[in-house]
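A.B. asks: This is the content of structure17.cif (mmCIF, C-alpha atoms):
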```
data_input
loop_
_atom_site.label_atom_id
_atom_site.label_comp_id
_atom_site.auth_asym_id
_atom_site.auth_seq_id
_atom_site.Cartn_x
_atom_site.Cartn_y
_atom_site.Cartn_z
CA MET A 77 8.20 108.00 57.67
CA VAL A 78 10.35 109.87 60.22
CA SER A 79 13.83 108.47 60.83
CA ASN A 80 16.95 109.58 62.65
CA GLU A 81 20.39 108.17 61.97
CA LEU A 82 22.59 107.87 65.04
CA THR A 83 26.12 108.60 63.88
CA SER A 84 28.13 108.13 67.10
CA PRO A 85 27.98 106.09 70.33
CA GLU A 86 27.46 109.28 72.34
CA TRP A 87 24.53 110.40 70.21
CA CYS A 88 23.02 106.93 70.35
CA ASN A 89 23.08 106.91 74.15
CA GLU A 90 21.75 110.46 74.34
CA MET A 91 18.88 109.60 71.99
CA LYS A 92 17.99 106.50 74.02
CA GLY A 93 17.92 108.57 77.18
CA PHE A 94 15.83 111.29 75.54
CA VAL A 95 13.12 109.03 74.14
CA LEU A 96 13.03 107.04 77.38
CA SER A 97 12.60 110.13 79.53
CA SER A 98 9.78 111.38 77.27
CA SER A 99 7.91 108.05 77.04
CA GLU A 100 4.55 107.89 78.77
CA ASN A 101 2.92 104.52 78.19
CA LYS A 102 5.19 101.64 77.29
CA CYS A 103 8.83 100.69 77.02
CA TRP A 104 10.33 97.57 75.43
CA ILE A 105 14.06 97.00 75.85
CA ILE A 106 15.74 94.05 74.11
CA SER A 107 19.50 94.16 74.51
CA ILE A 108 22.58 92.20 75.55
CA HIS A 109 23.13 93.94 78.86
CA HIS A 110 21.91 96.84 80.97
CA PHE A 111 20.36 99.98 79.53
CA GLN A 112 20.00 103.14 81.63
CA ILE A 113 18.35 101.29 84.49
CA GLN A 114 18.27 104.35 86.75
CA THR A 115 16.38 106.36 84.11
CA ILE A 116 13.86 103.54 83.70
CA ASN A 117 13.34 103.39 87.45
CA GLU A 118 12.80 107.13 87.70
CA ARG A 119 10.35 107.17 84.78
CA VAL A 120 8.27 104.31 86.19
CA ASN A 121 8.14 105.94 89.62
CA ASP A 122 7.12 109.30 88.13
CA LEU A 123 4.29 107.92 85.99
CA GLY A 124 3.14 104.90 87.96
CA HIS A 125 1.23 103.41 85.00
CA MET A 126 4.09 102.97 82.52
CA LYS A 127 4.53 99.38 81.33
CA VAL A 128 8.12 98.17 80.93
CA ASN A 129 9.27 94.91 79.26
CA ILE A 130 12.97 94.04 79.42
CA LEU A 131 14.76 91.13 77.74
CA LEU A 132 18.50 90.82 78.42
CA ASP A 133 21.07 88.07 78.08
CA ALA A 134 21.82 86.45 81.45
CA ASN A 135 25.44 85.59 80.62
CA ARG A 136 26.50 88.85 78.94
CA GLY A 137 24.60 90.78 81.57
CA SER A 138 26.80 89.37 84.33
CA ARG A 139 29.96 91.26 83.34
CA GLY A 140 31.39 93.54 86.01
CA LYS A 141 30.76 93.76 89.75
CA ILE A 142 27.74 96.02 89.28
CA ASN A 143 25.82 94.48 86.42
CA SER A 144 22.33 94.20 85.00
CA ARG A 145 21.96 90.60 86.07
CA LYS A 146 22.12 91.62 89.71
CA MET A 147 19.91 94.66 89.26
CA LEU A 148 17.29 92.92 87.13
CA LEU A 149 17.64 89.35 88.36
CA PRO A 150 13.88 88.55 88.41
CA LEU A 151 13.39 89.75 84.82
CA LEU A 152 16.10 87.93 82.89
CA ILE A 153 15.62 84.94 80.62
CA HIS A 154 18.29 82.30 81.16
CA SER A 155 19.15 79.90 78.33
CA LYS A 156 21.98 78.33 76.37
CA GLN A 157 21.41 80.76 73.51
CA CYS A 158 22.86 84.26 73.52
CA GLN A 159 20.22 87.00 73.48
CA HIS A 160 22.01 89.19 70.92
CA MET A 161 19.20 91.47 69.77
CA LYS A 162 19.28 95.25 70.23
CA LEU A 163 15.79 96.71 69.95
CA TYR A 164 14.24 99.57 71.91
CA LEU A 165 10.58 100.62 71.73
CA PHE A 166 9.30 103.73 73.53
CA ASP A 167 5.62 104.44 72.87
CA ASP A 168 5.66 104.82 69.06
CA ASP A 169 9.43 105.35 68.70
CA VAL A 170 11.69 102.45 67.71
CA LEU A 171 15.48 102.30 68.03
CA ILE A 172 17.44 99.43 66.49
CA SER A 173 21.19 99.25 66.99
CA GLY A 174 20.76 94.35 67.48
CA SER A 175 14.29 85.71 82.66
CA TYR A 176 16.38 84.51 85.19
CA HIS A 177 14.47 83.59 88.37
CA PRO A 178 15.65 82.10 91.67
CA TYR A 179 15.02 78.82 89.85
CA LYS A 180 16.24 78.03 86.34
CA PHE A 181 13.85 78.00 83.42
CA SER A 182 13.68 74.71 81.58
CA ARG A 183 14.38 74.84 77.82
CA LYS A 184 10.68 74.17 77.17
CA THR A 185 9.60 77.10 79.36
CA TYR A 186 12.24 79.37 77.79
CA ILE A 187 11.12 78.58 74.24
CA LYS A 188 7.48 79.23 75.12
CA ALA A 189 8.36 82.57 76.75
CA ALA A 190 10.45 83.66 73.77
CA LYS A 191 7.77 82.64 71.32
CA ASP A 192 4.99 84.42 73.21
CA LYS A 193 6.90 87.62 73.89
CA ILE A 194 9.17 88.16 70.88
CA TRP A 195 7.77 86.23 67.94
CA GLY A 196 4.21 87.04 68.99
CA PHE A 197 5.04 90.74 69.24
CA TYR A 198 6.51 90.79 65.73
CA LYS A 199 3.61 88.90 64.16
CA LYS A 200 1.10 91.24 65.79
CA SER A 201 3.03 94.32 64.60
CA ILE A 202 3.22 93.03 61.04
CA LYS A 203 -0.49 92.20 61.03
CA ASN A 204 -1.45 95.65 62.31
CA SER A 205 0.83 97.38 59.82
CA SER A 206 -0.62 95.36 56.93
CA TYR A 207 -4.14 96.50 57.73
CA LYS A 208 -3.09 100.13 57.90
CA THR A 209 -1.08 100.29 54.67
CA LEU A 210 -3.13 98.00 52.44
CA GLY A 211 -4.15 99.91 49.33
CA ASN A 212 -1.87 102.84 50.11
CA LEU A 213 1.45 102.34 48.35
CA ASP A 214 2.33 106.00 47.84
CA HIS A 215 5.47 105.77 49.95
CA ASP A 216 9.14 106.13 49.11
CA SER A 217 10.52 103.96 51.93
CA TRP A 218 9.59 100.56 53.34
CA VAL A 219 10.75 98.82 56.52
CA PHE A 220 10.56 95.05 56.99
CA PRO A 221 11.33 93.49 60.41
CA LEU A 222 13.43 90.32 60.34
CA LEU A 223 14.01 87.78 63.11
CA GLU A 224 16.46 84.94 63.65
CA LEU A 225 15.38 82.68 66.53
CA PRO A 226 17.10 79.29 66.06
CA PRO A 227 15.43 77.63 69.09
CA LEU A 228 12.05 78.34 67.49
CA SER A 229 13.19 77.42 63.97
CA VAL A 230 12.56 81.02 62.89
CA HIS A 231 15.09 81.95 60.19
CA GLN A 232 13.61 85.02 58.53
CA ASP A 233 16.79 87.06 58.69
CA SER A 234 19.20 84.50 57.24
CA LYS A 235 16.76 83.58 54.45
CA VAL A 236 16.27 87.20 53.41
CA THR A 237 20.03 87.85 53.61
CA GLN A 238 20.68 84.79 51.46
CA ARG A 239 18.15 85.95 48.85
CA LEU A 240 19.70 89.42 48.77
CA LEU A 241 23.17 87.99 48.19
CA GLU A 242 21.94 85.56 45.52
CA GLY A 243 19.95 88.24 43.72
CA ALA A 244 22.81 90.74 43.47
CA GLU A 245 23.36 91.05 39.73
CA GLN A 246 26.39 92.24 37.84
CA GLY A 247 26.92 95.94 38.39
CA CYS A 248 25.55 95.90 41.95
CA SER A 249 27.85 96.96 44.78
CA LEU A 250 27.42 95.56 48.29
CA THR A 251 29.21 96.61 51.45
CA LEU A 252 28.92 94.02 54.21
CA SER A 253 30.09 94.93 57.71
CA THR A 254 30.65 92.63 60.66
CA GLY A 255 32.44 93.08 63.95
CA TYR A 256 33.44 89.41 63.90
CA PHE A 257 34.19 87.95 60.48
CA ASN A 258 32.94 84.37 60.28
CA LEU A 259 30.53 84.14 57.34
CA THR A 260 28.44 80.99 57.09
CA ASP A 261 29.49 78.46 54.46
CA GLN A 262 26.28 79.23 52.56
CA TYR A 263 27.02 82.96 52.45
CA VAL A 264 30.61 82.28 51.33
CA ASP A 265 29.52 79.92 48.55
CA THR A 266 26.91 82.42 47.40
CA ILE A 267 29.36 85.33 47.23
CA LEU A 268 31.95 83.28 45.33
CA GLN A 269 29.74 81.12 43.12
CA LYS A 270 26.23 82.53 42.70
CA THR A 271 26.68 86.26 42.11
CA THR A 272 28.91 88.56 40.08
CA ALA A 273 28.23 91.71 42.12
CA ARG A 274 31.09 93.62 43.73
CA PHE A 275 31.57 93.05 47.47
CA ARG A 276 33.44 95.20 49.96
CA ILE A 277 33.71 93.46 53.33
CA LEU A 278 34.42 95.50 56.46
CA MET A 279 35.61 93.87 59.68
CA ALA A 280 37.49 94.69 62.87
CA HIS A 281 41.27 95.02 62.89
CA PRO A 282 42.68 93.07 65.90
CA LYS A 283 43.40 96.40 67.59
CA ALA A 284 39.71 97.27 67.21
CA ASN A 285 38.50 93.87 68.41
CA GLY A 286 36.62 93.87 71.70
CA PHE A 287 38.63 90.83 72.89
CA LEU A 288 42.03 92.46 72.27
CA LYS A 289 43.08 92.58 75.93
CA ALA A 290 41.11 89.58 77.13
CA GLY A 291 42.83 87.05 79.36
CA GLY A 292 43.17 83.29 79.06
CA LEU A 293 41.81 81.48 76.01
CA ALA A 294 39.82 84.55 74.98
CA SER A 295 43.09 86.33 74.18
CA GLY A 296 43.31 84.24 71.03
CA ILE A 297 39.96 85.39 69.64
CA PRO A 298 41.31 88.33 67.55
CA GLY A 299 43.81 85.95 65.96
CA ALA A 300 41.04 83.44 65.25
CA TYR A 301 39.15 86.04 63.22
CA THR A 302 42.32 86.87 61.31
CA GLY A 303 42.61 83.17 60.46
CA LEU A 304 38.99 83.00 59.28
CA ALA A 305 39.43 86.12 57.15
CA LEU A 306 42.64 84.76 55.62
CA GLU A 307 40.97 81.47 54.71
CA PHE A 308 38.17 83.34 52.96
CA LEU A 309 40.55 85.68 51.14
CA THR A 310 42.64 82.71 49.98
CA ARG A 311 39.52 81.23 48.35
CA VAL A 312 38.73 84.59 46.75
CA ILE A 313 42.21 84.83 45.22
CA SER A 314 42.39 81.17 44.16
CA THR A 315 39.20 81.63 42.14
CA GLY A 316 40.46 84.85 40.54
CA GLN A 317 37.87 87.11 42.18
CA ASP A 318 40.10 89.42 44.23
CA GLU A 319 39.14 92.47 42.15
CA ARG A 320 35.42 91.80 42.68
CA VAL A 321 35.61 90.85 46.37
CA THR A 322 37.80 92.96 48.65
CA MET A 323 38.30 93.02 52.42
CA PHE A 324 39.08 95.93 54.74
CA GLU A 325 39.78 96.25 58.46
CA TYR A 326 38.53 99.08 60.64
CA ILE A 327 41.23 100.58 62.84
CA ARG A 328 40.87 103.79 64.82
CA ASN A 329 42.79 104.82 67.89
CA GLY A 330 40.77 104.25 71.05
CA TRP A 331 37.82 102.62 69.24
CA THR A 332 36.51 99.08 68.99
CA TYR A 333 34.60 98.01 65.87
CA HIS A 334 31.23 96.39 66.37
CA ALA A 335 29.34 97.70 63.34
CA LYS A 336 27.04 95.37 61.48
CA GLY A 337 25.07 95.99 58.33
CA LEU A 338 24.64 95.69 54.59
CA TRP A 339 24.51 98.54 52.07
CA TYR A 340 23.10 97.53 48.67
CA THR A 341 23.66 99.76 45.63
CA LEU A 342 21.98 98.97 42.32
CA PRO A 343 23.78 99.07 38.93
CA ASN A 344 24.47 102.55 37.52
CA ASN A 345 23.81 104.11 40.93
CA ASP A 346 26.09 105.85 43.42
CA LEU A 347 23.75 105.69 46.42
CA PRO A 348 22.43 102.63 48.30
CA SER A 349 18.75 101.74 47.89
CA LEU A 350 18.64 99.06 50.57
CA THR A 351 20.27 98.50 53.93
CA LEU A 352 20.10 95.92 56.70
CA ILE A 353 20.21 97.33 60.25
CA GLY A 354 20.42 95.19 63.35
CA SER A 355 22.35 92.76 65.51
CA SER A 356 23.49 90.00 63.13
CA ASN A 357 27.18 89.51 62.39
CA PHE A 358 26.26 87.34 59.35
CA GLY A 359 28.22 84.49 60.92
CA SER A 360 27.59 80.89 61.88
CA ARG A 361 26.77 81.85 65.44
CA SER A 362 24.20 84.44 64.32
CA VAL A 363 22.40 81.86 62.18
CA ARG A 364 22.66 78.77 64.38
CA ARG A 365 22.80 79.92 67.98
CA ASP A 366 22.04 83.55 68.85
CA LEU A 367 18.74 85.43 68.92
CA GLU A 368 18.97 88.23 66.34
CA THR A 369 16.76 90.96 64.94
CA GLN A 370 17.24 93.24 61.95
CA ILE A 371 15.23 95.49 59.69
CA ALA A 372 15.49 95.70 55.94
CA LEU A 373 15.08 99.30 54.80
CA ILE A 374 14.30 99.89 51.12
CA THR A 375 14.04 103.46 49.87
CA THR A 376 13.84 105.63 46.77
CA ASN A 377 14.11 108.80 48.87
CA GLU A 378 17.20 110.63 47.64
CA SER A 379 17.87 112.36 50.96
CA LEU A 380 17.71 109.08 52.89
CA ARG A 381 19.85 107.31 50.28
CA LEU A 382 22.46 110.03 50.65
CA ARG A 383 22.50 109.56 54.42
CA LEU A 384 22.98 105.81 53.96
CA LYS A 385 25.94 106.52 51.70
CA GLU A 386 27.41 108.95 54.23
CA GLU A 387 27.10 106.27 56.91
CA GLU A 388 28.87 103.77 54.66
CA ASP A 389 31.63 106.29 53.89
CA ARG A 390 32.17 107.10 57.58
CA LEU A 391 33.00 103.46 58.24
CA ASN A 392 35.21 103.15 55.18
CA LYS A 393 37.15 106.25 56.18
CA HIS A 394 38.96 104.40 58.96
CA THR A 395 39.82 101.17 57.14
CA VAL A 396 42.93 99.58 55.66
CA GLN A 397 42.90 96.76 53.12
CA PHE A 398 43.32 93.20 54.36
CA THR A 399 45.70 91.28 52.09
CA PRO A 400 47.50 87.89 52.26
CA GLU A 401 50.64 89.76 53.33
CA VAL A 402 48.76 91.33 56.23
CA GLY A 403 47.17 88.03 57.27
CA THR A 404 50.46 86.10 57.23
CA ASP A 405 52.54 88.77 58.94
CA PRO A 406 54.35 87.24 61.95
CA ASP A 407 52.55 89.69 64.25
CA ARG A 408 49.16 88.65 62.86
CA LYS A 409 49.45 84.97 61.99
CA PRO A 410 47.38 83.01 64.54
CA ALA A 411 48.98 80.21 66.55
CA LEU A 412 48.29 76.61 65.61
CA TRP A 413 46.13 76.01 68.67
CA ILE A 414 43.95 78.97 67.69
CA LEU A 415 43.49 77.66 64.14
CA THR A 416 42.60 74.20 65.46
CA THR A 417 40.10 75.60 67.96
CA MET A 418 38.63 77.87 65.31
CA ARG A 419 37.90 74.97 62.97
CA LEU A 420 36.46 72.75 65.69
CA PHE A 421 34.18 75.42 67.18
CA LYS A 422 33.42 77.58 64.14
CA THR A 423 29.74 77.92 65.02
CA PHE A 424 30.60 79.45 68.40
CA PHE A 425 32.45 82.44 66.88
#
```
Do you think you could lay out the structure here as structure tokens?
C.D. replies:
Amino acid sequence: MVSNELTSPEWCNEMKGFVLSSSENKCWIISIHHFQIQTINERVNDLGHMKVNILLDANRGSRGKINSRKMLLPLLIHSKQCQHMKLYLFDDDVLISGSYHPYKFSRKTYIKAAKDKIWGFYKKSIKNSSYKTLGNLDHDSWVFPLLELPPLSVHQDSKVTQRLLEGAEQGCSLTLSTGYFNLTDQYVDTILQKTTARFRILMAHPKANGFLKAGGLASGIPGAYTGLALEFLTRVISTGQDERVTMFEYIRNGWTYHAKGLWYTLPNNDLPSLTLIGSSNFGSRSVRRDLETQIALITTNESLRLRLKEEEDRLNKHTVQFTPEVGTDPDRKPALWILTTMRLFKTFF
């Protein structure tokens, strides 16, 4: 297995551009908004025969005066769900980070299109991979694709995540990262009641939240996540588990924090053996509303495990601990209207 870890936004964009410009046959782009549209156009014009499939979110893709919705209007799927996946396929290269017509698709048409294009693609890939690897288990790394498509009642990702959390035995260490902290009730109950593993939760500091300078009601979103985090931490402390479960906020000058993932380290080990990579924030919205995709990577390869640890450490390097004092600080404590809205519309965050 050949893999490349993308350690910075600049490198990620450069790698996308490189593999796109060297692709010859096919290109699948599943993302929230536009992705190097000019490069795609040039590549298609140069080759003539290159097949391109693009799935974007119609709402997120409408941000800005020059946006992907205008440029790719005939290709976008329009629905009430957020297309939150980030998946890029160029010939045989895969990058994972997580259609609107002049008339609107009906929900029935949208669901059929999503099922045929996305779920069908995954099932075909899994089937082909199974035939190729059957009887040959001499590998040190395995990759399992996971999907969360609530409109289709596909809940692979949340079920696997739940099993991983439940199965974490004493001595295991898990780092769970989310740009927007709003764990599902099931995940919270599992962490606090069904496992004795150590958990380190990483999330965005308000200054690293993408909605920090938003106007109107959206300006209260960073405070809403502080309120959700404080409620969770209060439960942790009230059950005497604050040494086992700790919370940290990412804060770095000029950066927003949007990292998602899970790093799973077995007992008596210093390096992770499993990681989840993809678009899910492990929240109510990811499980109930948005379209998500992840991969579960399991490895015994020491070099790859070291790189996973280095990735985990890079995120931890820019964090500060979230405590009750931090959450109740006058500058951080969310307003009453934010707390009320947060509780009423928890599945939308």
A.B. asks: Specify as a PDB file with C-alpha atoms, keeping the file's coordinate frame each residue included when the PyMOL selection byres ((chain A and resi 364-378) around 6) is applied to this file.
C.D. replies:
```pdb
ATOM      1  CA  GLN A 157      21.410  80.760  73.510  1.00  0.00           C
ATOM      2  CA  CYS A 158      22.860  84.260  73.520  1.00  0.00           C
ATOM      3  CA  GLN A 159      20.220  87.000  73.480  1.00  0.00           C
ATOM      4  CA  HIS A 160      22.010  89.190  70.920  1.00  0.00           C
ATOM      5  CA  MET A 161      19.200  91.470  69.770  1.00  0.00           C
ATOM      6  CA  GLY A 174      20.760  94.350  67.480  1.00  0.00           C
ATOM      7  CA  ASP A 216       9.140 106.130  49.110  1.00  0.00           C
ATOM      8  CA  SER A 217      10.520 103.960  51.930  1.00  0.00           C
ATOM      9  CA  TRP A 218       9.590 100.560  53.340  1.00  0.00           C
ATOM     10  CA  VAL A 219      10.750  98.820  56.520  1.00  0.00           C
ATOM     11  CA  PHE A 220      10.560  95.050  56.990  1.00  0.00           C
ATOM     12  CA  PRO A 221      11.330  93.490  60.410  1.00  0.00           C
ATOM     13  CA  LEU A 222      13.430  90.320  60.340  1.00  0.00           C
ATOM     14  CA  LEU A 223      14.010  87.780  63.110  1.00  0.00           C
ATOM     15  CA  GLU A 224      16.460  84.940  63.650  1.00  0.00           C
ATOM     16  CA  LEU A 225      15.380  82.680  66.530  1.00  0.00           C
ATOM     17  CA  PRO A 226      17.100  79.290  66.060  1.00  0.00           C
ATOM     18  CA  SER A 349      18.750 101.740  47.890  1.00  0.00           C
ATOM     19  CA  LEU A 350      18.640  99.060  50.570  1.00  0.00           C
ATOM     20  CA  THR A 351      20.270  98.500  53.930  1.00  0.00           C
ATOM     21  CA  LEU A 352      20.100  95.920  56.700  1.00  0.00           C
ATOM     22  CA  ILE A 353      20.210  97.330  60.250  1.00  0.00           C
ATOM     23  CA  GLY A 354      20.420  95.190  63.350  1.00  0.00           C
ATOM     24  CA  SER A 355      22.350  92.760  65.510  1.00  0.00           C
ATOM     25  CA  SER A 356      23.490  90.000  63.130  1.00  0.00           C
ATOM     26  CA  SER A 360      27.590  80.890  61.880  1.00  0.00           C
ATOM     27  CA  ARG A 361      26.770  81.850  65.440  1.00  0.00           C
ATOM     28  CA  SER A 362      24.200  84.440  64.320  1.00  0.00           C
ATOM     29  CA  VAL A 363      22.400  81.860  62.180  1.00  0.00           C
ATOM     30  CA  SER A 379      17.870 112.360  50.960  1.00  0.00           C
ATOM     31  CA  LEU A 380      17.710 109.080  52.890  1.00  0.00           C
ATOM     32  CA  ARG A 381      19.850 107.310  50.280  1.00  0.00           C
TER      33      ARG A 381
END
```
A.B. asks: Could you please determine the separation between CA of Thr237 in chain A and CA of Ala280 in chain A in Å, to one decimal place?
C.D. replies: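 Rounded to one decimal, the two atoms are 20.9 Å apart.
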A.B. asks: Please determine the residues with any atom at most 12 Å from (25.3, 78.5, 51.6) (coordinates as given in the file, with only C-alpha atoms counting) and report them as a list in words.
C.D. replies: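 The residues near that point, listed by chain and number, are Ser234, Lys235, Thr237, Gln238, Arg239, Leu241, Glu242, Leu259, Thr260, Asp261, Gln262, Tyr263, Val264, Asp265, Thr266, Ile267, Leu268, Gln269, Lys270, Phe358, Gly359, Ser360 and Val363 of chain A.
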A.B. asks: Would you save the residues from that selection as an mmCIF file, in the frame of the given file, using C-alpha atoms?
C.D. replies:
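Contents of result18.cif, as written:
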```cif
data_model
loop_
_atom_site.group_PDB
_atom_site.id
_atom_site.type_symbol
_atom_site.label_atom_id
_atom_site.label_comp_id
_atom_site.auth_asym_id
_atom_site.auth_seq_id
_atom_site.Cartn_x
_atom_site.Cartn_y
_atom_site.Cartn_z
ATOM 1 C CA SER A 234 19.200 84.500 57.240
ATOM 2 C CA LYS A 235 16.760 83.580 54.450
ATOM 3 C CA THR A 237 20.030 87.850 53.610
ATOM 4 C CA GLN A 238 20.680 84.790 51.460
ATOM 5 C CA ARG A 239 18.150 85.950 48.850
ATOM 6 C CA LEU A 241 23.170 87.990 48.190
ATOM 7 C CA GLU A 242 21.940 85.560 45.520
ATOM 8 C CA LEU A 259 30.530 84.140 57.340
ATOM 9 C CA THR A 260 28.440 80.990 57.090
ATOM 10 C CA ASP A 261 29.490 78.460 54.460
ATOM 11 C CA GLN A 262 26.280 79.230 52.560
ATOM 12 C CA TYR A 263 27.020 82.960 52.450
ATOM 13 C CA VAL A 264 30.610 82.280 51.330
ATOM 14 C CA ASP A 265 29.520 79.920 48.550
ATOM 15 C CA THR A 266 26.910 82.420 47.400
ATOM 16 C CA ILE A 267 29.360 85.330 47.230
ATOM 17 C CA LEU A 268 31.950 83.280 45.330
ATOM 18 C CA GLN A 269 29.740 81.120 43.120
ATOM 19 C CA LYS A 270 26.230 82.530 42.700
ATOM 20 C CA PHE A 358 26.260 87.340 59.350
ATOM 21 C CA GLY A 359 28.220 84.490 60.920
ATOM 22 C CA SER A 360 27.590 80.890 61.880
ATOM 23 C CA VAL A 363 22.400 81.860 62.180
#
```
A.B. asks: Please list, as number ranges by chain, the residues that have an atom at most 12 Å away from (32.1, 91.1, 64.0) in the coordinates of this file, counting only C-alpha atoms.
C.D. replies: A: 252-259, 277-282, 284-287, 297-298, 300-302, 304-305, 325-326, 332-337, 355-362, 425
A.B. asks: Would you work out the distance separating CA of Met323 in chain A from CA of His394 in chain A, expressed in Å to one decimal?
C.D. replies: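 These atoms are spaced 13.1 Å apart.
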A.B. asks: I need the output of the PyMOL selection byres ((chain A and resi 342) around 9) for this file as JSON, numbers by chain; which residues are they?
C.D. replies: {"A": [244, 245, 247, 248, 249, 250, 340, 341, 343, 344, 345, 346, 347, 348, 349, 350]}
A.B. asks: Work out how far CA of Asp405 in chain A is from CA of Leu338 in chain A, in Å to one decimal.
C.D. replies: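 Between CA of Leu338 in chain A and CA of Asp405 in chain A the gap works out to 29.1 Å.
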A.B. asks: Apply the PyMOL selection byres ((chain A and resi 393) around 12) to the file shown and report the selected residues as a list of chain:residue names.
C.D. replies: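 Evaluating the PyMOL selection byres ((chain A and resi 393) around 12) on this file yields A:Leu278, A:Phe324, A:Glu325, A:Tyr326, A:Ile327, A:Arg328, A:Glu386, A:Glu387, A:Glu388, A:Asp389, A:Arg390, A:Leu391, A:Asn392, A:His394, A:Thr395, A:Val396, A:Gln397.
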A.B. asks: From the set A:Lys283, A:Gln246, A:Gly299, A:Leu415, which residue has the shortest atom-to-atom contact distance to Asn329 in chain A, counting all atoms listed in the file?
C.D. replies: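 Nearest candidate to Asn329 in chain A out of A:Lys283, A:Gln246, A:Gly299, A:Leu415: A:Lys283.
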A.B. asks: Of the candidates A:Leu288, A:Val236, A:Val230, A:Ala273, which shows the shortest atom-to-atom distance to Gly330 in chain A, using only C-alpha atoms?
C.D. replies: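 Answer, going by the shortest atom-to-atom distance: A:Leu288.
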